[in-house]
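Below is coords05.cif, holding mmCIF, C-alpha atoms.
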data_model
loop_
_atom_site.group_PDB
_atom_site.id
_atom_site.type_symbol
_atom_site.label_atom_id
_atom_site.label_comp_id
_atom_site.auth_asym_id
_atom_site.auth_seq_id
_atom_site.Cartn_x
_atom_site.Cartn_y
_atom_site.Cartn_z
ATOM 1 C CA ALA A 1 0.000 0.000 0.000
ATOM 2 C CA GLN A 2 1.105 3.541 -0.699
ATOM 3 C CA SER A 3 1.709 6.136 1.987
ATOM 4 C CA VAL A 4 3.350 9.512 2.236
ATOM 5 C CA THR A 5 4.959 11.286 5.164
ATOM 6 C CA GLN A 6 5.595 14.994 5.374
ATOM 7 C CA LEU A 7 8.250 15.353 7.980
ATOM 8 C CA ASP A 8 7.571 18.926 9.056
ATOM 9 C CA SER A 9 4.166 20.313 9.971
ATOM 10 C CA HIS A 10 5.504 23.890 9.986
ATOM 11 C CA VAL A 11 8.451 25.502 8.240
ATOM 12 C CA SER A 12 9.508 29.140 8.623
ATOM 13 C CA VAL A 13 11.971 30.845 6.320
ATOM 14 C CA SER A 14 13.003 34.416 5.707
ATOM 15 C CA GLU A 15 12.095 36.052 2.437
ATOM 16 C CA GLY A 16 14.831 35.472 -0.122
ATOM 17 C CA THR A 17 16.198 32.332 1.539
ATOM 18 C CA PRO A 18 15.846 28.763 0.248
ATOM 19 C CA VAL A 19 12.810 26.615 0.943
ATOM 20 C CA LEU A 20 12.949 22.878 1.659
ATOM 21 C CA LEU A 21 9.771 20.917 2.339
ATOM 22 C CA ARG A 22 10.383 17.254 2.971
ATOM 23 C CA CYS A 23 8.340 14.307 1.788
ATOM 24 C CA ASN A 24 8.979 10.577 2.001
ATOM 25 C CA TYR A 25 6.818 7.982 0.353
ATOM 26 C CA SER A 26 6.153 4.287 0.477
ATOM 27 C CA SER A 27 4.917 2.479 -2.593
ATOM 28 C CA SER A 28 4.829 -1.049 -3.917
ATOM 29 C CA TYR A 29 4.728 0.300 -7.444
ATOM 30 C CA SER A 30 6.697 2.893 -9.315
ATOM 31 C CA PRO A 31 4.817 5.858 -7.899
ATOM 32 C CA SER A 32 3.310 8.991 -9.305
ATOM 33 C CA LEU A 33 4.053 11.849 -6.929
ATOM 34 C CA PHE A 34 2.663 15.350 -6.748
ATOM 35 C CA TRP A 35 3.094 18.549 -4.784
ATOM 36 C CA TYR A 36 0.077 20.817 -4.340
ATOM 37 C CA VAL A 37 -0.227 24.215 -2.709
ATOM 38 C CA GLN A 38 -3.308 25.506 -0.927
ATOM 39 C CA HIS A 39 -3.818 29.117 0.064
ATOM 40 C CA PRO A 40 -6.348 29.845 2.828
ATOM 41 C CA ASN A 41 -9.920 28.936 1.930
ATOM 42 C CA LYS A 42 -8.884 28.005 -1.586
ATOM 43 C CA GLY A 43 -8.704 24.811 -3.593
ATOM 44 C CA LEU A 44 -5.510 23.008 -4.484
ATOM 45 C CA GLN A 45 -3.075 24.136 -7.144
ATOM 46 C CA LEU A 46 -0.653 21.699 -8.717
ATOM 47 C CA LEU A 47 2.967 22.766 -8.329
ATOM 48 C CA LEU A 48 4.608 19.813 -10.033
ATOM 49 C CA LYS A 49 4.339 16.087 -10.651
ATOM 50 C CA TYR A 50 6.629 13.109 -11.119
ATOM 51 C CA THR A 51 5.403 10.307 -13.355
ATOM 52 C CA SER A 52 8.553 8.225 -14.023
ATOM 53 C CA ALA A 53 10.199 10.552 -16.501
ATOM 54 C CA ALA A 54 13.013 12.886 -15.394
ATOM 55 C CA THR A 55 13.847 12.576 -11.702
ATOM 56 C CA LEU A 56 14.318 16.333 -11.314
ATOM 57 C CA VAL A 57 10.957 17.930 -11.853
ATOM 58 C CA LYS A 58 10.498 21.637 -12.381
ATOM 59 C CA GLY A 59 7.217 23.216 -11.485
ATOM 60 C CA ILE A 60 5.522 26.553 -11.364
ATOM 61 C CA ASN A 61 6.677 29.615 -9.437
ATOM 62 C CA GLY A 62 10.289 28.449 -9.261
ATOM 63 C CA PHE A 63 9.611 25.245 -7.325
ATOM 64 C CA GLU A 64 11.268 21.966 -8.128
ATOM 65 C CA ALA A 65 11.478 18.497 -6.617
ATOM 66 C CA GLU A 66 13.808 15.571 -7.013
ATOM 67 C CA PHE A 67 12.635 11.979 -7.001
ATOM 68 C CA LYS A 68 15.163 9.818 -5.157
ATOM 69 C CA LYS A 69 14.207 6.179 -5.259
ATOM 70 C CA SER A 70 17.048 5.053 -3.001
ATOM 71 C CA GLU A 71 15.862 7.444 -0.293
ATOM 72 C CA THR A 72 12.127 7.131 -1.117
ATOM 73 C CA SER A 73 11.998 10.906 -1.046
ATOM 74 C CA PHE A 74 10.429 13.671 -3.099
ATOM 75 C CA HIS A 75 11.458 16.888 -1.375
ATOM 76 C CA LEU A 76 10.216 20.247 -2.642
ATOM 77 C CA THR A 77 12.668 23.117 -2.977
ATOM 78 C CA LYS A 78 12.800 26.708 -4.082
ATOM 79 C CA PRO A 79 15.986 28.790 -4.193
ATOM 80 C CA SER A 80 14.454 32.002 -2.878
ATOM 81 C CA ALA A 81 11.235 32.316 -0.909
ATOM 82 C CA HIS A 82 8.709 35.022 -1.673
ATOM 83 C CA MET A 83 6.060 36.322 0.684
ATOM 84 C CA SER A 84 3.383 34.950 -1.639
ATOM 85 C CA ASP A 85 4.719 31.415 -1.070
ATOM 86 C CA ALA A 86 3.219 31.376 2.423
ATOM 87 C CA ALA A 87 0.610 28.609 2.245
ATOM 88 C CA GLU A 88 -0.081 24.955 3.013
ATOM 89 C CA TYR A 89 1.778 22.390 0.903
ATOM 90 C CA PHE A 90 0.685 18.812 0.360
ATOM 91 C CA CYS A 91 2.748 15.911 -0.934
ATOM 92 C CA VAL A 92 0.623 13.294 -2.656
ATOM 93 C CA VAL A 93 1.220 9.787 -3.950
ATOM 94 C CA SER A 94 -1.190 8.285 -6.409
ATOM 95 C CA ASP A 95 -2.552 4.811 -5.937
ATOM 96 C CA LEU A 96 -1.615 2.889 -9.059
ATOM 97 C CA SER A 97 -3.680 -0.175 -8.228
ATOM 98 C CA GLY A 98 -6.417 0.998 -10.540
ATOM 99 C CA THR A 99 -8.456 3.307 -8.337
ATOM 100 C CA TYR A 100 -6.335 6.422 -9.067
ATOM 101 C CA LYS A 101 -6.919 7.570 -5.513
ATOM 102 C CA TYR A 102 -4.644 10.162 -4.033
ATOM 103 C CA ILE A 103 -2.961 9.547 -0.700
ATOM 104 C CA PHE A 104 -2.281 12.896 0.922
ATOM 105 C CA GLY A 105 0.431 13.820 3.355
ATOM 106 C CA THR A 106 -0.566 15.714 6.458
ATOM 107 C CA GLY A 107 0.648 18.982 4.990
ATOM 108 C CA THR A 108 3.377 21.511 5.762
ATOM 109 C CA ARG A 109 2.522 25.084 6.555
ATOM 110 C CA LEU A 110 5.135 27.421 5.128
ATOM 111 C CA LYS A 111 5.595 30.762 6.796
ATOM 112 C CA VAL A 112 7.705 33.412 5.095
ATOM 113 C CA LEU A 113 9.156 36.102 7.307
ATOM 114 C CA ALA A 114 9.849 39.584 6.006
ATOM 115 C CA GLY B 1 -7.652 23.448 -19.781
ATOM 116 C CA ALA B 2 -8.755 20.945 -17.106
ATOM 117 C CA VAL B 3 -10.926 23.309 -15.100
ATOM 118 C CA VAL B 4 -13.226 22.074 -12.360
ATOM 119 C CA SER B 5 -15.865 24.289 -10.800
ATOM 120 C CA GLN B 6 -17.909 23.923 -7.653
ATOM 121 C CA HIS B 7 -21.151 25.546 -6.692
ATOM 122 C CA PRO B 8 -21.881 27.092 -4.304
ATOM 123 C CA SER B 9 -18.593 28.380 -2.931
ATOM 124 C CA ARG B 10 -20.182 29.009 0.455
ATOM 125 C CA VAL B 11 -23.406 27.805 2.010
ATOM 126 C CA ILE B 12 -24.969 28.305 5.416
ATOM 127 C CA CYS B 13 -27.892 26.148 6.404
ATOM 128 C CA LYS B 14 -29.938 25.246 9.439
ATOM 129 C CA SER B 15 -29.489 21.983 11.263
ATOM 130 C CA GLY B 16 -31.700 19.252 9.816
ATOM 131 C CA THR B 17 -31.826 20.578 6.275
ATOM 132 C CA SER B 18 -30.136 19.085 3.213
ATOM 133 C CA VAL B 19 -27.536 20.796 1.075
ATOM 134 C CA LYS B 20 -26.450 19.959 -2.459
ATOM 135 C CA ILE B 21 -23.002 20.782 -3.806
ATOM 136 C CA GLU B 22 -22.253 20.580 -7.515
ATOM 137 C CA CYS B 23 -18.941 19.716 -9.115
ATOM 138 C CA ARG B 24 -18.472 20.279 -12.839
ATOM 139 C CA SER B 25 -15.633 19.589 -15.224
ATOM 140 C CA LEU B 26 -15.816 22.500 -17.636
ATOM 141 C CA ASP B 27 -13.553 21.459 -20.483
ATOM 142 C CA PHE B 28 -13.084 17.714 -20.242
ATOM 143 C CA GLN B 29 -15.060 14.572 -19.607
ATOM 144 C CA ALA B 30 -14.582 13.319 -16.072
ATOM 145 C CA THR B 31 -14.734 9.552 -15.946
ATOM 146 C CA THR B 32 -14.005 9.646 -12.240
ATOM 147 C CA MET B 33 -14.767 12.261 -9.634
ATOM 148 C CA PHE B 34 -13.622 12.341 -6.040
ATOM 149 C CA TRP B 35 -15.100 14.069 -3.021
ATOM 150 C CA TYR B 36 -12.943 15.211 -0.135
ATOM 151 C CA ARG B 37 -13.591 16.856 3.155
ATOM 152 C CA GLN B 38 -11.111 19.087 4.933
ATOM 153 C CA PHE B 39 -11.309 20.244 8.536
ATOM 154 C CA PRO B 40 -9.454 23.391 9.598
ATOM 155 C CA LYS B 41 -5.687 23.013 9.579
ATOM 156 C CA GLN B 42 -5.936 19.411 8.449
ATOM 157 C CA SER B 43 -5.253 17.486 5.301
ATOM 158 C CA LEU B 44 -7.849 16.353 2.801
ATOM 159 C CA MET B 45 -9.797 13.241 3.635
ATOM 160 C CA LEU B 46 -11.216 11.230 0.759
ATOM 161 C CA MET B 47 -14.912 10.582 1.255
ATOM 162 C CA ALA B 48 -15.860 8.755 -1.914
ATOM 163 C CA THR B 49 -15.005 7.973 -5.502
ATOM 164 C CA SER B 50 -17.640 8.116 -8.187
ATOM 165 C CA ASN B 51 -17.533 6.837 -11.727
ATOM 166 C CA GLU B 52 -19.996 8.127 -14.273
ATOM 167 C CA GLY B 53 -23.133 6.063 -14.372
ATOM 168 C CA SER B 54 -22.335 3.832 -11.428
ATOM 169 C CA LYS B 55 -22.698 3.963 -7.670
ATOM 170 C CA ALA B 56 -20.124 5.780 -5.647
ATOM 171 C CA THR B 57 -17.553 3.899 -3.615
ATOM 172 C CA TYR B 58 -17.351 5.280 -0.108
ATOM 173 C CA GLU B 59 -14.332 5.231 2.154
ATOM 174 C CA GLN B 60 -14.513 3.423 5.439
ATOM 175 C CA GLY B 61 -16.353 5.423 8.056
ATOM 176 C CA VAL B 62 -18.228 7.664 5.611
ATOM 177 C CA GLU B 63 -22.004 7.301 5.866
ATOM 178 C CA LYS B 64 -23.342 6.757 2.383
ATOM 179 C CA ASP B 65 -26.905 7.561 3.439
ATOM 180 C CA LYS B 66 -25.810 10.883 4.816
ATOM 181 C CA PHE B 67 -23.518 11.907 1.985
ATOM 182 C CA LEU B 68 -25.348 11.098 -1.228
ATOM 183 C CA ILE B 69 -23.236 11.216 -4.355
ATOM 184 C CA ASN B 70 -24.567 11.238 -7.870
ATOM 185 C CA HIS B 71 -22.426 11.194 -11.020
ATOM 186 C CA ALA B 72 -25.084 11.266 -13.678
ATOM 187 C CA SER B 73 -23.020 12.675 -16.515
ATOM 188 C CA LEU B 74 -19.400 12.941 -17.596
ATOM 189 C CA THR B 75 -19.255 16.564 -16.492
ATOM 190 C CA LEU B 76 -21.316 16.699 -13.310
ATOM 191 C CA SER B 77 -21.233 15.107 -9.905
ATOM 192 C CA THR B 78 -23.258 16.194 -6.909
ATOM 193 C CA LEU B 79 -22.786 15.690 -3.189
ATOM 194 C CA THR B 80 -25.877 16.035 -1.021
ATOM 195 C CA VAL B 81 -25.401 16.340 2.717
ATOM 196 C CA THR B 82 -28.674 15.091 4.162
ATOM 197 C CA SER B 83 -30.046 16.195 7.514
ATOM 198 C CA ALA B 84 -26.991 18.328 8.104
ATOM 199 C CA HIS B 85 -25.715 18.906 11.624
ATOM 200 C CA PRO B 86 -23.113 21.345 12.959
ATOM 201 C CA GLU B 87 -20.457 18.614 12.938
ATOM 202 C CA ASP B 88 -20.880 18.402 9.142
ATOM 203 C CA SER B 89 -19.534 21.937 8.846
ATOM 204 C CA SER B 90 -16.386 21.647 6.789
ATOM 205 C CA PHE B 91 -14.658 22.515 3.533
ATOM 206 C CA TYR B 92 -15.729 20.122 0.783
ATOM 207 C CA ILE B 93 -13.520 19.767 -2.279
ATOM 208 C CA CYS B 94 -14.138 17.772 -5.414
ATOM 209 C CA SER B 95 -11.686 16.628 -8.032
ATOM 210 C CA ALA B 96 -11.987 14.981 -11.404
ATOM 211 C CA ARG B 97 -9.861 12.904 -13.714
ATOM 212 C CA THR B 98 -10.289 11.651 -17.220
ATOM 213 C CA GLY B 99 -9.386 8.267 -18.630
ATOM 214 C CA GLY B 100 -5.706 7.609 -19.266
ATOM 215 C CA VAL B 101 -4.545 10.532 -17.123
ATOM 216 C CA ASN B 102 -3.157 9.848 -13.682
ATOM 217 C CA GLU B 103 -3.825 13.321 -12.322
ATOM 218 C CA GLN B 104 -6.769 14.832 -10.488
ATOM 219 C CA PHE B 105 -7.958 18.363 -11.165
ATOM 220 C CA PHE B 106 -9.406 20.098 -8.154
ATOM 221 C CA GLY B 107 -12.349 22.392 -7.715
ATOM 222 C CA PRO B 108 -12.097 25.550 -5.587
ATOM 223 C CA GLY B 109 -14.022 24.024 -2.693
ATOM 224 C CA THR B 110 -17.311 24.687 -0.898
ATOM 225 C CA ARG B 111 -17.434 25.999 2.657
ATOM 226 C CA LEU B 112 -20.431 24.489 4.462
ATOM 227 C CA THR B 113 -21.571 25.962 7.751
ATOM 228 C CA VAL B 114 -24.425 24.283 9.579
ATOM 229 C CA LEU B 115 -26.059 26.376 12.296
#
Can you turn what I pasted into structure tokens?
Amino acid sequence: AQSVTQLDSHVSVSEGTPVLLRCNYSSSYSPSLFWYVQHPNKGLQLLLKYTSAATLVKGINGFEAEFKKSETSFHLTKPSAHMSDAAEYFCVVSDLSGTYKYIFGTGTRLKVLA
Amino acid sequence: GAVVSQHPSRVICKSGTSVKIECRSLDFQATTMFWYRQFPKQSLMLMATSNEGSKATYEQGVEKDKFLINHASLTLSTLTVTSAHPEDSSFYICSARTGGVNEQFFGPGTRLTVL
């Protein structure tokens, strides 16, 4: 069965400094992995996705993530945080058993300090 | 492309009444739609999966008689919260996917408040 663990419930960074949001997964299959962002009282916006192509995935707004099979990780990074990046971030693994369900991590709240 | 809408965005109702939330895929045919519920400061919890023209599959612990899901067409699914109570107050989010694509497209969510 698939699962995903977001290691930090809260992360605070200063504006202009790098962002690292950590995600580890467990999957019996070659997984599909996603990062979504949610601003308060809004729906989810896809940042990037890994679907067994290039292991370094570039997304929107300067975010990227690297799929590391040996470490079962899919950490999200950004070189320089912007105030508008403050939001909730969810790491997701897709169930490839045929149901296409998403398994969500518990989320990481990113705070960006001026 | 791949836009999903929800209506209404916010609804307030009295305890004991029923509320219907619509989820539409605007520019693609949604073979599968998913309904999630999100409590404040928590992650999304999958409630049910619905395939067009067939009965929804509910997750363990979700009352199917309370949360009625209909997926009558390839662009519309509805969630009806029957006999709503204050504990049903939550943020409800739908998503949709089309055949051959392993990605869900999310609606903007519906904030339900039951008084």
Expand the PyMOL selection byres ((chain A) within 10 of (chain B)) into the individual residues it matches in the shown file, reporting them as a ChimeraX atom specification.
-> /A:32-34,38,40-46,49,51,88-90,94-96,98-109
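From CA of Asn51 in chain B back to CA of Val114 in chain B, the distance works out to 28.4 Å.
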Can you list, as number ranges by chain, the residues that the PyMOL selection byres ((chain A and resi 17-27) around 6) selects here?
A: 2-7, 14-16, 28-29, 72-81
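Neighbours of Ile69 in chain B closer than or equal to 7 Å, with only C-alpha atoms counted and sequence neighbours fewer than 6 positions away skipped, come out as B:Ala56, B:Thr78, B:Leu79, B:Thr80.
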Could you give me the centre and size, in Å to one decimal, of an axis-aligned box around all listed atoms of range 85-96 of chain A with 8 Å added on every side, as lines of an AutoDock Vina configuration file?
center_x = 1.1
center_y = 17.2
center_z = -3.0
size_x = 23.3
size_y = 44.5
size_z = 28.1
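In terms of minimum interatomic distance to Leu113 in chain A, A:Val13 ranks closest within A:Leu47, A:Val13, A:Val37, A:Glu66, counting only C-alpha atoms.
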